[in-house]
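*Asks:* Just dropping this structure here.
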Amino acid sequence: MTAPTIDIPAFLADVKSRVDPRLDELLAENGSRTPDAVKGPGPTFSPRRVHECMRYSVLDGGKRVRPALMAAVAQALGARMVDHLDAMCAVEMIHVCSLILDDLPSMDDAELRHGRKANHLVFGEAVAILGAIALLNRAFEVLSESCPDDSVRRSVIAETARMVGTEGMIGGQVVDLESGGKAIDARTLEYIEAHKTGALIIGAARIAAVLAGATPEQLGALTGYARNVGVAYQICDDILHLTRAPGDLGKVSHRDESTINYARAHGLAESRRSLESFTAAAVDALSDFGPRADHLRALARYLAERAS
């Protein structure tokens with residue numbers, strides 16, 4: 001039997017159409033709790049500047065890849081996207097928090113993000129940092145409220161803390177900064193790329209799986225899938241940095257173009273072979289899931305073939 005054709009751009013558009021309005025609501029709801037707030041849509045509440053900063057980067061037209069991954073995980077486990085919408089939004093807030101920090105002059109020193117001025121160039125470095133921290137805290141709050149019981153809540157919060165912390169994104173960023181301007185070995189490069197990008201992809205998949213009631217075996221398989229997708233995603237990014245103009249990617253960074261990455265270290269031909277290999281391994285990890293995981297399989301292939 002021929003596998004069904006999955007329209008991933010349409011799937012991403014559907015996820016985005018659900019996530020974006022809910023992100024708007026969740027951020028407005030957060031602001032309306034302050035004592036001197038002016039209730040209503042948009043950043044009309046106090047302190048206005050930091051909420052404008054948060055909304056500027058969250059509602060900037062991102063593709064919502066990580067929420068789509070979570071929706072596909074839920075589908076693979078027989079759950080509904082609507083039941084995980086707030087958790088999907090929370091993970092997107094964490095992703096955006098990482099982008100704001102990543103763009104700072106002390107990090108990647110980026111001028112553009114998603115084709116617009118980087119957050120710190122609009123709001124200043126101090127407010128950008130505070131806005132990023134506020135998004136992270138709001139994400140934990142939303143995740144906590146989205147869990148059906150205390151047992152699930154403990155697991156989800158623990159997964160999120162590991163995803164963000166020194167075992168995850170922060171660890172990868174620190175090693176990346178320490179490696180700047182140095183010749184680094186393959187092991188260090190793999191650590192940086194697996195943690196800076198892969199940790200959030202793995203964490204998103206595991207959070208969605210826990211919320212959907214995955215068995216230990218299913219959680220292990222989905223973790224393997226996400227780990228391979230994360231590596232493939234970063235390799236594809238590295239290839240694009242070598243083959244596309246920075247402006248075409250929506251980001252201009254003073255550091256990215258001079259920093260060693262997988263494609264620079266291994267060459268384009270080897271990088272493309274590795275990209276295919278990791279994508280195939282991601283798909284193979286789903287062998288026990290059947291057709292309900294077709295969106296996950298198609299998403300892995302789509303992300304490996306993307307042009308931006």
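All residue names refer to the structure tokens as shown: chains lettered A, B, ... in order, residues numbered from 1 in each chain, ligands numbered from 1 in order.
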Would you give me, as JSON lines, each residue of region 155-235 of chain A having an atom within 12 Å of an atom of region 63-74 of chain A, along with its shortest atom pair and that distance in Å to one decimal, using only C-alpha atoms and sorting by chain and residue number?
*Replies:*
{"residue": "A:Thr197", "atom": "CA", "partner": "A:Arg66", "partner_atom": "CA", "distance": 11.0}
{"residue": "A:Gly198", "atom": "CA", "partner": "A:Arg66", "partner_atom": "CA", "distance": 11.1}
{"residue": "A:Ala199", "atom": "CA", "partner": "A:Arg66", "partner_atom": "CA", "distance": 11.4}
{"residue": "A:Leu200", "atom": "CA", "partner": "A:Arg66", "partner_atom": "CA", "distance": 8.1}
{"residue": "A:Ile201", "atom": "CA", "partner": "A:Arg66", "partner_atom": "CA", "distance": 6.6}
{"residue": "A:Ile202", "atom": "CA", "partner": "A:Arg66", "partner_atom": "CA", "distance": 9.7}
{"residue": "A:Gly203", "atom": "CA", "partner": "A:Arg66", "partner_atom": "CA", "distance": 9.6}
{"residue": "A:Ala204", "atom": "CA", "partner": "A:Met70", "partner_atom": "CA", "distance": 6.1}
{"residue": "A:Ala205", "atom": "CA", "partner": "A:Met70", "partner_atom": "CA", "distance": 5.6}
{"residue": "A:Arg206", "atom": "CA", "partner": "A:Met70", "partner_atom": "CA", "distance": 8.5}
{"residue": "A:Ile207", "atom": "CA", "partner": "A:Met70", "partner_atom": "CA", "distance": 7.9}
{"residue": "A:Ala208", "atom": "CA", "partner": "A:Met70", "partner_atom": "CA", "distance": 5.3}
{"residue": "A:Ala209", "atom": "CA", "partner": "A:Val73", "partner_atom": "CA", "distance": 6.4}
{"residue": "A:Val210", "atom": "CA", "partner": "A:Ala74", "partner_atom": "CA", "distance": 9.5}
{"residue": "A:Leu211", "atom": "CA", "partner": "A:Ala74", "partner_atom": "CA", "distance": 8.2}
{"residue": "A:Ala212", "atom": "CA", "partner": "A:Ala74", "partner_atom": "CA", "distance": 5.9}
{"residue": "A:Gly213", "atom": "CA", "partner": "A:Ala74", "partner_atom": "CA", "distance": 9.2}
{"residue": "A:Ala214", "atom": "CA", "partner": "A:Ala74", "partner_atom": "CA", "distance": 9.3}
{"residue": "A:Gln218", "atom": "CA", "partner": "A:Val73", "partner_atom": "CA", "distance": 10.3}
{"residue": "A:Leu219", "atom": "CA", "partner": "A:Val73", "partner_atom": "CA", "distance": 10.1}
{"residue": "A:Ala221", "atom": "CA", "partner": "A:Val73", "partner_atom": "CA", "distance": 11.1}
{"residue": "A:Leu222", "atom": "CA", "partner": "A:Val73", "partner_atom": "CA", "distance": 7.8}
{"residue": "A:Thr223", "atom": "CA", "partner": "A:Val73", "partner_atom": "CA", "distance": 10.6}
{"residue": "A:Tyr225", "atom": "CA", "partner": "A:Val73", "partner_atom": "CA", "distance": 10.3}
{"residue": "A:Ala226", "atom": "CA", "partner": "A:Leu69", "partner_atom": "CA", "distance": 9.0}
{"residue": "A:Val229", "atom": "CA", "partner": "A:Leu69", "partner_atom": "CA", "distance": 10.2}
{"residue": "A:Gly230", "atom": "CA", "partner": "A:Arg66", "partner_atom": "CA", "distance": 10.7}
{"residue": "A:Tyr233", "atom": "CA", "partner": "A:Val65", "partner_atom": "CA", "distance": 10.8}
*Asks:* What lies within 9 Å of region 95-103 of chain A using only C-alpha atoms, ignoring chain neighbours under 6 positions off, as a PyMOL selection string?
*Replies:* chain A and resi 54+57-58+66+109-113+118-120+128-129+131-136+164+169+173+200+253
*Asks:* Just give me the gap between CA of Ala280 (chain A) and CA of Met163 (chain A) in Å, one decimal is fine.
*Replies:*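 Going from CA of Ala280 (chain A) over to CA of Met163 (chain A), I get 24.2 Å.
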*Asks:* Enumerate, as a list in words, the complete set of residues in region 63-214 of chain A that a backbone-based DSSP assignment places in strand (DSSP E or B).
*Replies:*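 Written out, the strand (DSSP E or B) residues of region 63-214 of chain A are Ala110, Glu111, Leu112, Arg113, Arg116 and Lys117 of chain A.
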*Asks:* Output the selection as a CSV table (one decimal), in the first residue's frame - C-alpha atoms for each residue.
*Replies:*
chain,number,residue,atom,x,y,z
A,110,ALA,CA,22.3,39.7,15.1
A,111,GLU,CA,20.6,42.6,13.4
A,112,LEU,CA,17.6,40.8,11.9
A,113,ARG,CA,15.3,38.0,13.0
A,116,ARG,CA,12.7,42.4,11.2
A,117,LYS,CA,15.0,44.3,13.5
*Asks:* For the atom pair CA of Arg187 (chain A) and CA of Arg244 (chain A), what is the interatomic distance in Å to one decimal place?
*Replies:*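 Separating CA of Arg187 (chain A) from CA of Arg244 (chain A) is a distance of 26.3 Å.
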